[in-house]
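J.: Compact mmCIF, C-alpha atoms, saved as upload19.txt, coming up:
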# COMPACT_ATOMS: atom_id res chain seq x y z
CA MET A 232 42.49 158.30 -119.35
CA LEU A 233 41.21 155.26 -121.17
CA LYS A 234 39.52 157.00 -124.08
CA THR A 235 41.91 158.71 -126.46
CA GLY A 236 40.60 157.79 -129.90
CA THR A 237 37.83 156.01 -131.78
CA ASN A 238 39.53 152.58 -131.80
CA LYS A 239 40.75 152.86 -128.20
CA TRP A 240 38.96 151.09 -125.40
CA THR A 241 36.69 153.30 -123.28
CA LEU A 242 35.84 152.75 -119.65
CA LYS A 243 32.40 151.50 -120.70
CA ASP A 244 33.97 148.91 -123.02
CA VAL A 245 36.14 147.53 -120.22
CA ILE A 246 33.18 147.33 -117.83
CA THR A 247 30.93 145.73 -120.50
CA LEU A 248 33.61 143.12 -121.27
CA ALA A 249 34.12 142.30 -117.59
CA ILE A 250 30.38 141.97 -116.87
CA PHE A 251 29.65 139.76 -119.89
CA THR A 252 32.76 137.63 -119.32
CA VAL A 253 31.55 136.87 -115.81
CA ILE A 254 28.07 135.96 -117.14
CA ILE A 255 29.54 133.68 -119.83
CA PHE A 256 31.95 132.03 -117.37
CA VAL A 257 29.14 131.32 -114.90
CA LEU A 258 27.09 129.82 -117.77
CA LEU A 259 30.01 127.59 -118.77
CA MET A 260 30.38 126.33 -115.22
CA ILE A 261 26.65 125.64 -114.81
CA VAL A 262 26.48 123.77 -118.14
CA MET A 263 29.61 121.78 -117.31
CA VAL A 264 28.26 120.59 -113.95
CA LEU A 265 24.68 119.95 -115.17
CA SER A 266 25.76 118.10 -118.32
CA ASN A 267 27.98 115.82 -116.24
CA ILE A 268 25.03 114.94 -114.05
CA LEU A 269 22.35 114.71 -116.77
CA LEU A 270 24.29 113.43 -119.81
CA THR A 271 26.89 111.19 -118.10
CA PRO A 272 30.61 112.11 -118.31
CA VAL A 273 31.01 110.78 -121.89
CA GLY A 274 28.02 112.78 -123.13
CA ALA A 275 29.28 115.84 -121.27
CA TYR A 276 32.67 115.72 -123.04
CA PHE A 277 30.92 115.71 -126.41
CA ALA A 278 28.00 117.99 -125.76
CA SER A 279 28.86 120.51 -123.05
CA PRO A 280 31.00 122.85 -125.27
CA GLY A 281 28.19 122.87 -127.86
CA ILE A 282 25.46 123.52 -125.30
CA SER A 283 27.61 126.22 -123.68
CA ALA A 284 28.11 127.86 -127.10
CA LEU A 285 24.38 127.82 -127.74
CA LEU A 286 23.60 129.43 -124.37
CA ALA A 287 26.50 131.89 -124.26
CA GLY A 288 26.35 132.88 -127.95
CA PRO A 289 23.75 135.64 -127.49
CA PHE A 290 25.79 137.22 -124.67
CA TYR A 291 28.95 137.13 -126.76
CA MET A 292 27.23 138.61 -129.83
CA VAL A 293 25.74 141.51 -127.87
CA MET A 294 29.03 142.16 -126.09
CA ALA A 295 31.11 142.03 -129.29
CA ASN A 296 28.71 144.33 -131.13
CA LYS A 297 28.51 146.83 -128.27
CA ILE A 298 32.29 147.01 -127.81
CA SER A 299 33.29 146.43 -131.47
CA LYS A 300 36.99 147.14 -130.91
CA ARG A 301 40.12 145.15 -131.56
CA GLY A 302 41.02 142.78 -128.71
CA VAL A 303 37.59 141.48 -127.63
CA VAL A 304 38.31 137.80 -128.43
CA PHE A 305 41.82 137.97 -127.00
CA LEU A 306 40.69 139.62 -123.77
CA ILE A 307 37.67 137.39 -123.19
CA CYS A 308 39.88 134.32 -123.78
CA THR A 309 42.61 135.64 -121.46
CA ILE A 310 40.18 136.59 -118.67
CA THR A 311 38.36 133.24 -118.93
CA GLY A 312 41.73 131.47 -118.93
CA LEU A 313 42.71 133.38 -115.79
CA LEU A 314 39.44 132.41 -114.13
CA PHE A 315 40.17 128.76 -114.98
CA LEU A 316 43.71 129.22 -113.65
CA ALA A 317 42.19 130.45 -110.39
CA ILE A 318 40.46 127.06 -110.05
CA GLY A 319 43.66 125.19 -110.82
CA GLN A 320 43.25 124.47 -114.57
CA VAL A 321 46.76 125.37 -115.75
CA TYR A 322 46.45 123.70 -119.18
CA THR A 323 43.13 125.44 -119.81
CA PHE A 324 44.72 128.85 -119.18
CA VAL A 325 47.55 128.21 -121.66
CA ILE A 326 45.16 126.90 -124.34
CA TYR A 327 42.77 129.83 -123.83
CA PHE A 328 45.64 132.29 -124.21
CA ILE A 329 46.88 130.67 -127.45
CA PHE A 330 43.36 130.39 -128.88
CA GLY A 331 42.75 134.01 -127.89
CA VAL A 332 45.71 135.13 -129.98
CA ILE A 333 44.66 133.01 -132.99
CA GLY A 334 41.02 134.10 -132.62
CA GLU A 335 42.03 137.74 -132.49
CA LEU A 336 44.14 137.33 -135.63
CA CYS A 337 41.03 135.98 -137.36
CA MET A 338 39.20 139.15 -136.36
CA LEU A 339 41.65 141.49 -138.08
CA GLY A 340 40.07 143.99 -140.44
CA GLN A 341 37.61 146.83 -140.20
CA ASP A 342 34.28 146.34 -138.38
CA ALA A 343 34.93 142.60 -137.94
CA TYR A 344 33.03 142.61 -134.65
CA LEU A 345 29.91 143.94 -136.35
CA LYS A 346 29.71 141.04 -138.80
CA LEU A 347 27.84 137.87 -137.91
CA PHE A 348 30.14 135.42 -139.70
CA ARG A 349 33.35 136.97 -138.32
CA ASN A 350 31.90 136.92 -134.82
CA MET A 351 31.03 133.25 -135.27
CA VAL A 352 34.67 132.52 -136.12
CA GLY A 353 35.97 134.43 -133.10
CA PHE A 354 33.45 132.83 -130.77
CA LEU A 355 34.19 129.37 -132.20
CA PHE A 356 37.83 129.75 -131.12
CA TYR A 357 36.67 130.79 -127.66
CA MET A 358 34.38 127.77 -127.33
CA VAL A 359 36.70 125.20 -128.94
CA ALA A 360 39.36 126.24 -126.41
CA LEU A 361 37.11 124.72 -123.73
CA SER A 362 37.44 121.19 -125.16
CA ALA A 363 40.89 121.84 -126.69
CA ALA A 364 42.17 122.28 -123.14
CA ALA A 365 41.72 118.51 -122.82
CA PHE A 366 42.46 117.14 -126.29
CA ILE A 367 45.49 119.28 -127.27
CA PRO A 368 47.57 118.23 -124.22
CA MET A 369 46.35 114.66 -124.91
CA ILE A 370 47.79 114.85 -128.44
CA LEU A 371 50.99 116.74 -127.62
CA PHE A 372 52.12 115.28 -124.28
CA ARG A 373 49.75 112.51 -123.37
CA GLU A 374 51.73 110.89 -120.53
CA GLN A 375 52.40 114.08 -118.56
CA PHE A 376 48.81 115.29 -118.99
CA LEU A 377 47.30 112.01 -117.83
CA ALA A 378 49.73 111.93 -114.90
CA TRP A 379 48.55 115.43 -113.88
CA TYR A 380 44.90 114.50 -114.44
CA SER A 381 45.29 111.38 -112.30
CA THR A 382 46.01 113.62 -109.29
CA VAL A 383 42.47 115.06 -109.51
CA GLY A 384 40.46 112.25 -111.12
CA THR A 385 39.67 108.61 -110.58
CA GLU A 386 40.71 105.84 -113.00
CA GLU A 387 37.14 105.73 -114.33
CA VAL A 388 37.30 109.42 -115.27
CA ILE A 389 40.68 109.06 -116.97
CA SER A 390 39.44 106.10 -119.01
CA THR A 391 36.45 108.23 -120.07
CA LEU A 392 38.81 111.01 -121.15
CA ILE A 393 40.91 108.55 -123.20
CA GLN A 394 37.74 107.03 -124.67
CA VAL A 395 36.47 110.42 -125.85
CA TYR A 396 39.62 112.27 -126.88
CA GLY A 397 41.83 109.27 -127.62
CA SER A 398 40.56 109.03 -131.19
CA PRO A 399 40.34 111.70 -133.94
CA SER A 400 36.64 110.94 -134.46
CA GLY A 401 35.85 111.88 -130.85
CA ILE A 402 37.68 115.19 -131.24
CA LEU A 403 35.97 115.92 -134.57
CA ILE A 404 32.50 115.18 -133.16
CA THR A 405 33.16 117.53 -130.24
CA ILE A 406 34.36 120.30 -132.58
CA ALA A 407 31.39 119.74 -134.92
CA LEU A 408 28.91 119.98 -132.03
CA THR A 409 30.69 123.08 -130.73
CA GLY A 410 30.49 124.59 -134.23
CA ALA A 411 26.77 123.84 -134.46
CA GLY A 412 26.17 125.39 -131.03
CA THR A 413 28.25 128.43 -131.98
CA ILE A 414 26.32 129.02 -135.22
CA LEU A 415 22.94 128.69 -133.50
CA GLY A 416 23.98 130.74 -130.48
CA CYS A 417 25.40 133.55 -132.61
CA MET A 418 22.33 133.58 -134.85
CA ILE A 419 20.04 133.84 -131.82
CA GLY A 420 22.33 136.59 -130.52
CA GLN A 421 22.14 138.50 -133.80
CA ARG A 422 18.34 138.23 -133.70
CA ILE A 423 18.21 139.52 -130.13
CA LEU A 424 20.59 142.30 -131.10
CA ASN A 425 18.48 143.43 -134.07
CA ARG A 426 15.06 142.94 -132.54
CA HIS A 427 15.63 144.21 -129.03
CA VAL A 428 18.97 145.86 -128.27
CA LYS A 429 19.29 148.06 -131.38
CA LYS A 430 15.59 148.99 -131.38
CA ALA A 431 15.66 149.93 -127.71
CA ARG A 432 18.96 151.85 -128.29
CA ILE A 433 20.49 150.49 -125.11
CA MET B 490 40.34 155.10 -90.48
CA LYS B 491 39.61 151.40 -90.99
CA HIS B 492 42.70 149.34 -91.75
CA PHE B 493 42.79 146.62 -94.39
CA GLN B 494 45.73 144.40 -95.17
CA ASP B 495 47.49 145.74 -98.26
CA PRO B 496 45.96 143.91 -101.26
CA ARG B 497 49.50 143.41 -102.64
CA LEU B 498 50.37 141.31 -99.58
CA THR B 499 47.10 139.41 -99.88
CA LEU B 500 47.89 138.73 -103.54
CA GLY B 501 51.36 137.58 -102.50
CA GLY B 502 49.80 135.11 -100.04
CA LEU B 503 47.33 134.00 -102.71
CA PHE B 504 50.14 133.49 -105.22
CA LEU B 505 52.17 131.41 -102.75
CA THR B 506 49.15 129.25 -102.00
CA ALA B 507 48.39 128.82 -105.72
CA ILE B 508 51.98 127.78 -106.44
CA SER B 509 51.88 125.32 -103.54
CA ILE B 510 48.61 123.81 -104.84
CA LEU B 511 50.19 123.25 -108.25
CA PHE B 512 53.00 121.17 -106.77
CA ILE B 513 51.29 119.21 -104.00
CA ASN B 514 50.52 115.56 -104.68
CA THR B 515 49.34 113.96 -101.45
CA SER B 516 46.15 114.35 -99.45
CA ILE B 517 48.15 115.17 -96.32
CA GLN B 518 49.72 118.15 -98.07
CA ILE B 519 46.28 119.46 -99.08
CA HIS B 520 45.02 119.07 -95.48
CA LEU B 521 48.08 120.90 -94.11
CA LEU B 522 47.73 123.69 -96.65
CA MET B 523 44.07 124.08 -95.74
CA GLY B 524 45.07 124.28 -92.07
CA ILE B 525 47.59 127.04 -92.88
CA SER B 526 44.97 128.97 -94.85
CA VAL B 527 42.49 128.73 -91.98
CA LEU B 528 45.16 130.04 -89.58
CA TYR B 529 45.75 132.92 -92.04
CA LEU B 530 42.04 133.76 -91.92
CA LEU B 531 41.97 133.54 -88.12
CA SER B 532 44.96 135.88 -87.85
CA LEU B 533 42.91 138.43 -89.80
CA ASN B 534 39.94 137.96 -87.43
CA LYS B 535 37.86 136.34 -90.16
CA PHE B 536 36.34 133.73 -87.85
CA ARG B 537 33.10 133.27 -89.78
CA GLU B 538 34.91 132.61 -93.05
CA ALA B 539 37.30 130.22 -91.31
CA ILE B 540 34.40 128.15 -89.97
CA VAL B 541 32.51 128.19 -93.30
CA TYR B 542 35.49 127.08 -95.42
CA THR B 543 36.58 124.44 -92.92
CA SER B 544 33.05 123.00 -92.92
CA ILE B 545 32.90 122.97 -96.75
CA TYR B 546 36.33 121.35 -96.89
CA ILE B 547 35.37 118.61 -94.42
CA LEU B 548 32.11 118.02 -96.34
CA LEU B 549 33.94 117.70 -99.69
CA TRP B 550 36.50 115.26 -98.31
CA GLY B 551 33.68 113.36 -96.62
CA LEU B 552 32.04 112.95 -100.05
CA ILE B 553 35.33 111.84 -101.61
CA TYR B 554 35.92 109.21 -98.93
CA VAL B 555 32.33 107.94 -98.77
CA PHE B 556 31.74 107.79 -102.56
CA PRO B 557 35.22 107.48 -104.09
CA SER B 558 34.10 106.53 -107.62
CA ARG B 559 30.39 107.23 -107.71
CA PHE B 560 30.42 110.70 -109.25
CA GLY B 561 32.31 110.27 -112.52
CA ASP B 562 33.45 113.69 -113.72
CA VAL B 563 31.56 115.44 -110.94
CA GLY B 564 34.04 113.63 -108.70
CA VAL B 565 36.82 115.51 -110.49
CA VAL B 566 35.00 118.77 -109.86
CA ILE B 567 34.68 117.87 -106.15
CA MET B 568 38.34 116.86 -105.97
CA VAL B 569 39.54 120.01 -107.75
CA THR B 570 37.27 122.17 -105.58
CA SER B 571 38.61 120.61 -102.39
CA LYS B 572 42.16 121.09 -103.63
CA MET B 573 41.36 124.72 -104.39
CA MET B 574 39.76 125.42 -100.99
CA PRO B 575 42.99 126.83 -99.41
CA MET B 576 43.21 129.27 -102.31
CA VAL B 577 39.53 130.15 -102.09
CA ALA B 578 39.95 130.83 -98.36
CA ILE B 579 42.81 133.29 -98.95
CA GLY B 580 40.94 134.68 -101.97
CA THR B 581 38.12 135.68 -99.61
CA VAL B 582 40.47 138.16 -97.95
CA PHE B 583 41.18 139.73 -101.34
CA ILE B 584 37.51 139.76 -102.37
CA SER B 585 36.44 141.36 -99.08
CA THR B 586 38.94 144.21 -99.58
CA PRO B 587 37.10 147.37 -100.74
CA ALA B 588 37.42 148.17 -104.46
CA ASP B 589 38.97 151.56 -103.60
CA ALA B 590 41.81 149.85 -101.74
CA ILE B 591 42.38 147.36 -104.59
CA MET B 592 42.49 150.21 -107.11
CA LEU B 593 44.97 152.19 -105.01
CA ALA B 594 47.20 149.13 -104.62
CA GLY B 595 46.95 148.50 -108.38
CA HIS B 596 48.00 152.07 -109.11
CA LYS B 597 50.95 151.74 -106.74
CA ILE B 598 52.29 148.78 -108.69
CA ARG B 599 51.51 150.62 -111.96
CA LEU B 600 49.00 148.13 -113.35
CA PRO B 601 47.13 149.46 -116.40
CA GLN B 602 43.87 151.09 -115.34
CA ALA B 603 41.79 148.89 -117.66
CA ILE B 604 43.09 145.75 -115.92
CA ILE B 605 42.46 147.19 -112.44
CA ILE B 606 38.89 148.09 -113.40
CA ALA B 607 38.30 144.66 -114.96
CA ILE B 608 39.59 142.94 -111.78
CA CYS B 609 37.30 145.02 -109.57
CA ILE B 610 34.28 144.31 -111.79
CA LEU B 611 35.08 140.58 -111.90
CA LEU B 612 35.29 140.46 -108.11
CA ARG B 613 32.16 142.46 -107.49
CA PHE B 614 29.87 141.36 -110.31
CA SER B 615 29.96 137.61 -109.59
CA SER B 616 27.66 138.04 -106.61
CA VAL B 617 25.46 140.54 -108.47
CA ILE B 618 24.58 137.92 -111.13
CA ARG B 619 22.81 135.77 -108.54
CA GLN B 620 20.78 138.75 -107.34
CA GLU B 621 19.90 139.71 -110.91
CA MET B 622 18.83 136.15 -111.73
CA HIS B 623 16.67 136.09 -108.60
CA ARG B 624 15.01 139.38 -109.61
CA ILE B 625 14.42 138.12 -113.15
CA ALA B 626 12.93 134.89 -111.77
CA GLN B 627 10.60 136.90 -109.51
CA GLY B 628 9.51 139.00 -112.50
CA ILE B 629 8.82 135.88 -114.58
CA ARG B 630 6.87 134.28 -111.74
CA ALA B 631 4.82 137.46 -111.23
CA ARG B 632 3.76 137.21 -114.89
CA GLY B 633 2.78 133.58 -114.39
CA LEU B 634 5.19 132.28 -117.06
CA LEU B 635 7.18 129.77 -114.99
CA PRO B 636 5.09 129.35 -111.84
CA HIS B 637 7.06 126.54 -110.16
CA TRP B 638 10.74 125.85 -109.59
CA TYR B 639 10.53 122.74 -111.77
CA SER B 640 8.93 124.70 -114.66
CA VAL B 641 12.48 125.55 -115.80
CA ILE B 642 13.11 121.82 -116.39
CA LEU B 643 9.70 121.25 -118.04
CA HIS B 644 10.05 124.21 -120.46
CA PRO B 645 13.79 124.71 -121.13
CA ALA B 646 13.32 126.73 -124.36
CA ARG B 647 10.87 129.14 -122.75
CA SER B 648 13.09 129.44 -119.67
CA TYR B 649 16.07 130.28 -121.89
CA ASP B 650 14.02 132.90 -123.70
CA CYS B 651 12.75 134.37 -120.43
CA PHE B 652 16.16 134.56 -118.74
CA VAL B 653 18.59 135.45 -121.55
CA LEU B 654 17.04 138.66 -122.84
CA PRO B 655 16.48 140.31 -119.43
CA LEU B 656 20.00 139.31 -118.38
CA ILE B 657 21.50 140.83 -121.54
CA ILE B 658 19.54 144.06 -121.09
CA ARG B 659 20.42 144.16 -117.39
CA GLY B 660 24.09 143.60 -118.19
CA LEU B 661 24.09 146.47 -120.67
CA ARG B 662 22.25 148.80 -118.30
CA LEU B 663 24.61 147.85 -115.46
CA SER B 664 27.64 148.64 -117.59
CA THR B 665 26.18 152.08 -118.37
CA GLU B 666 25.30 152.72 -114.72
CA LEU B 667 28.70 151.57 -113.45
CA THR B 668 30.50 153.68 -116.07
CA CYS B 669 28.52 156.78 -115.09
CA ALA B 670 29.15 156.14 -111.38
CA ALA B 671 32.87 155.53 -111.93
CA GLN B 672 33.28 158.61 -114.12
CA PHE B 673 31.35 160.73 -111.62
CA ARG B 674 33.80 159.61 -108.94
CA GLY B 675 36.74 160.60 -111.14
CA ILE B 676 38.04 157.20 -112.15
CA GLU B 677 39.57 158.64 -115.33
CA ASN B 678 41.48 161.30 -113.41
CA SER B 679 45.14 160.76 -114.19
CA THR B 680 46.47 162.39 -110.99
CA SER B 681 47.69 160.21 -108.11
CA ARG B 682 44.88 158.31 -106.40
CA THR B 683 43.86 158.60 -102.74
CA CYS B 684 41.75 156.26 -100.64
CA ILE B 685 39.62 156.56 -97.50
CA TYR B 686 41.03 153.28 -96.18
CA SER B 687 44.43 152.78 -94.63
CA ILE B 688 46.26 150.15 -96.67
CA ALA B 689 49.85 150.70 -95.58
CA VAL B 690 52.09 147.64 -95.21
CA THR B 691 52.36 147.13 -91.43
CA ALA B 692 54.92 144.93 -89.68
CA LYS B 693 52.13 142.61 -88.52
CA ASP B 694 50.85 142.11 -92.09
CA LEU B 695 54.36 141.54 -93.38
CA ILE B 696 55.16 138.96 -90.67
CA ARG B 697 51.86 137.17 -91.39
CA THR B 698 52.65 136.92 -95.11
CA VAL B 699 56.25 135.79 -94.52
CA LEU B 700 55.12 133.12 -92.03
CA HIS B 701 52.47 131.97 -94.47
CA GLY B 702 55.10 131.67 -97.20
CA ILE B 703 57.45 129.70 -94.93
CA ALA B 704 54.59 127.37 -93.96
CA CYS B 705 53.69 126.78 -97.64
CA VAL B 706 57.30 125.92 -98.50
CA ALA B 707 57.49 123.62 -95.45
CA VAL B 708 54.34 121.78 -96.57
CA LEU B 709 55.82 121.34 -100.04
CA TRP B 710 59.21 120.25 -98.77
CA PHE B 711 58.38 118.07 -95.76
CA GLY B 712 54.79 117.09 -96.59
CA ARG B 713 55.79 114.77 -99.43
CA ASN B 714 57.50 112.42 -96.94
CA LEU B 715 54.50 112.21 -94.62
Would you mind writing the file out in structure tokens?
T.:
Amino acid sequence: MLKTGTNKWTLKDVITLAIFTVIIFVLLMIVMVLSNILLTPVGAYFASPGISALLAGPFYMVMANKISKRGVVFLICTITGLLFLAIGQVYTFVIYFIFGVIGELCMLGQDAYLKLFRNMVGFLFYMVALSAAAFIPMILFREQFLAWYSTVGTEEVISTLIQVYGSPSGILITIALTGAGTILGCMIGQRILNRHVKKARI
Amino acid sequence: MKHFQDPRLTLGGLFLTAISILFINTSIQIHLLMGISVLYLLSLNKFREAIVYTSIYILLWGLIYVFPSRFGDVGVVIMVTSKMMPMVAIGTVFISTPADAIMLAGHKIRLPQAIIIAICILLRFSSVIRQEMHRIAQGIRARGLLPHWYSVILHPARSYDCFVLPLIIRGLRLSTELTCAAQFRGIENSTSRTCIYSIAVTAKDLIRTVLHGIACVAVLWFGRNL
């Protein structure tokens, strides 16, 4: 049995998490591809995590509020990391797992998943992991990461990656844009939650 | 009783392919691995899938050869996708296995029930999203809000508003419906699970997986010198 207490995960929680994780992952993929085409690769590196946060924020807010149990950030990060692993992104999986643990630690405390600000923090870790999967390996083991990346990308793409994440300012701009997208996305999500989901008692 | 290859063996094959993909460096190795995966599909009588994935693979490599540096980061996506095609091909076998069979196999290897359920939902729901989006789009069009396909590009804020809320509500309703259906079918029953499909490990399935493993190792070992 899955349900044994009030803070234990029920079957409905697991199913809700799985459904919304798939929706968020599909959104991330669509934004990633479209931003590369419409904003050029450089623009995509800066903007796509922020745009993804803005679009996926409402889904995350509704999911977190409906489940409201310990482990949401960790599980969504782990599942997303596994989905990235399935398409060959090994570094992304590791970063998602680590950020999931840190994000979950930030959500410690009672009713954290019902609070807007706490949810923003948790979701920020989830979204920053998307760009951190590129800039953290660049900072920690640059040569090995670029050697791995060169097996899947052209020289032009690698130079773009170095151009964007090679300097602290590039990393900070990306994080700032992701933060802005997260705040807006979560606020829209909170509004949807209050105006529609709670009123309709779904 | 319809027989399906044991999902544990399929996962084994998938794991071997994934490991091979991580370590291959040359184009020849990718081509060979794709060939092995297609043979794996053919041995399971999945002719349609074999043709579809081979065609997609040829198309992707055609794009890479014709426009080697025209796509920027989309080029990386194409390259990664083509590299992942052998895994996707084997993954099809796993995805096409009925959820009941996957759950029984999961129980046999003592995976936590929450993880088994999440895996089944992840596998099944991906295709449902497209259908849901199509239904939502039809509903929006019927109300005259976004009459043309390009209206989404002309009015991005309105499109976001029109798609997000119905998708959230649909997601919540689906989770309730799926929970009710699963509970009605006794998913929370802690006694040993049974299944209407035969998923026993047969000698043929075992030989197929072992041969696949040997072929993957051979590609890794000998392919680097080609």
J.: Could you check which of A:Ser390, A:Ala364, A:Ile406, A:Asn296 is closest to A:Val321, using all atoms listed in the file?
T.: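 Of A:Ser390, A:Ala364, A:Ile406, A:Asn296, the one nearest A:Val321 is A:Ala364, counting all atoms listed in the file.
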J.: Could you tell me, as a list in words, which residues have any atom at most 12 Å from (37.4, 133.8, -88.5), counting all atoms listed in the file?
T.: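 So the residues meeting the distance criterion are Ser526, Val527, Leu528, Tyr529, Leu530, Leu531, Ser532, Leu533, Asn534, Lys535, Phe536, Arg537, Glu538, Ala539, Ile540, Val541, Tyr542, Thr543, Ala578, Ile579, Thr581 and Val582 of chain B.
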J.: Separation of atom CA of A:Leu259 and atom CA of A:Phe328, in Å?
T.: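 Distance reported for this atom pair: 17.2 Å.
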J.: Name the closest residue to chain A among the candidates B:Lys572, B:His492, B:Lys693, B:Arg632; distances are taken between atoms, counting all atoms listed in the file.
T.: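 Comparing B:Lys572, B:His492, B:Lys693, B:Arg632 against chain A, the winner is B:Lys572.
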J.: Quick one: residues within 9 Å of stretch 418-420 of chain A, all atoms listed in the file, excluding same-chain residues fewer than 6 positions away - as a compact mmCIF listing (two decimals) with C-alpha atoms, keeping the file's coordinate frame?
T.:
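Below is the file that was written, result-v5.txt:
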# COMPACT_ATOMS: atom_id res chain seq x y z
CA LEU A 285 24.38 127.82 -127.74
CA ALA A 287 26.50 131.89 -124.26
CA GLY A 288 26.35 132.88 -127.95
CA PRO A 289 23.75 135.64 -127.49
CA PHE A 290 25.79 137.22 -124.67
CA TYR A 291 28.95 137.13 -126.76
CA MET A 292 27.23 138.61 -129.83
CA VAL A 293 25.74 141.51 -127.87
CA LEU A 347 27.84 137.87 -137.91
CA MET A 351 31.03 133.25 -135.27
J.: Pick out the chain B residues within 9 Å of chain A. Count only C-alpha atoms. Give them as a PyMOL selection string.
T.: chain B and resi 507+510-511+514-515+557-558+560-570+572-573+576-577+602-604+606-608+610-611+614-615+618+649+653-654+656-658+660-665+667-669+671-672+676-679
J.: Of the candidates A:Phe277, A:Leu258, A:Asn350, A:Ala360, which shows the shortest atom-to-atom distance to B:Arg619, using all atoms listed in the file?
T.: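 Smallest separation from B:Arg619 among the options: A:Leu258.
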J.: Write out as a ChimeraX atom specification which residues come within 12 Å of A:Ser362 when counting all atoms listed in the file, dropping same-chain ones fewer than 4 positions away.
T.: /A:259,263,275-281,283-284,322-323,326-327,330,355-358,366-369,392,395-396,401-410
J.: To one decimal place, how far is atom CA of B:His520 from atom CA of A:Leu313 in Å?
T.: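 Atom-to-atom, atom CA of B:His520 and atom CA of A:Leu313 are spaced 25.0 Å apart.
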J.: Which residue out of A:Arg432, A:Arg301, A:Asn425, A:Pro399 has the minimum interatomic distance to A:Gly340 when all atoms listed in the file are used?
T.: A:Arg301
J.: Which value, in Å to one decimal, gives the distance between atom CA of B:Gly595 and atom CA of B:Glu621?
T.: 28.6 Å
J.: Could you list as a PyMOL selection string every residue that has an atom within 12 Å of (52.4, 142.5, -89.8), using the file's coordinates and counting all atoms listed in the file?
T.: chain B and resi 493-495+498-499+529+532-533+688-701
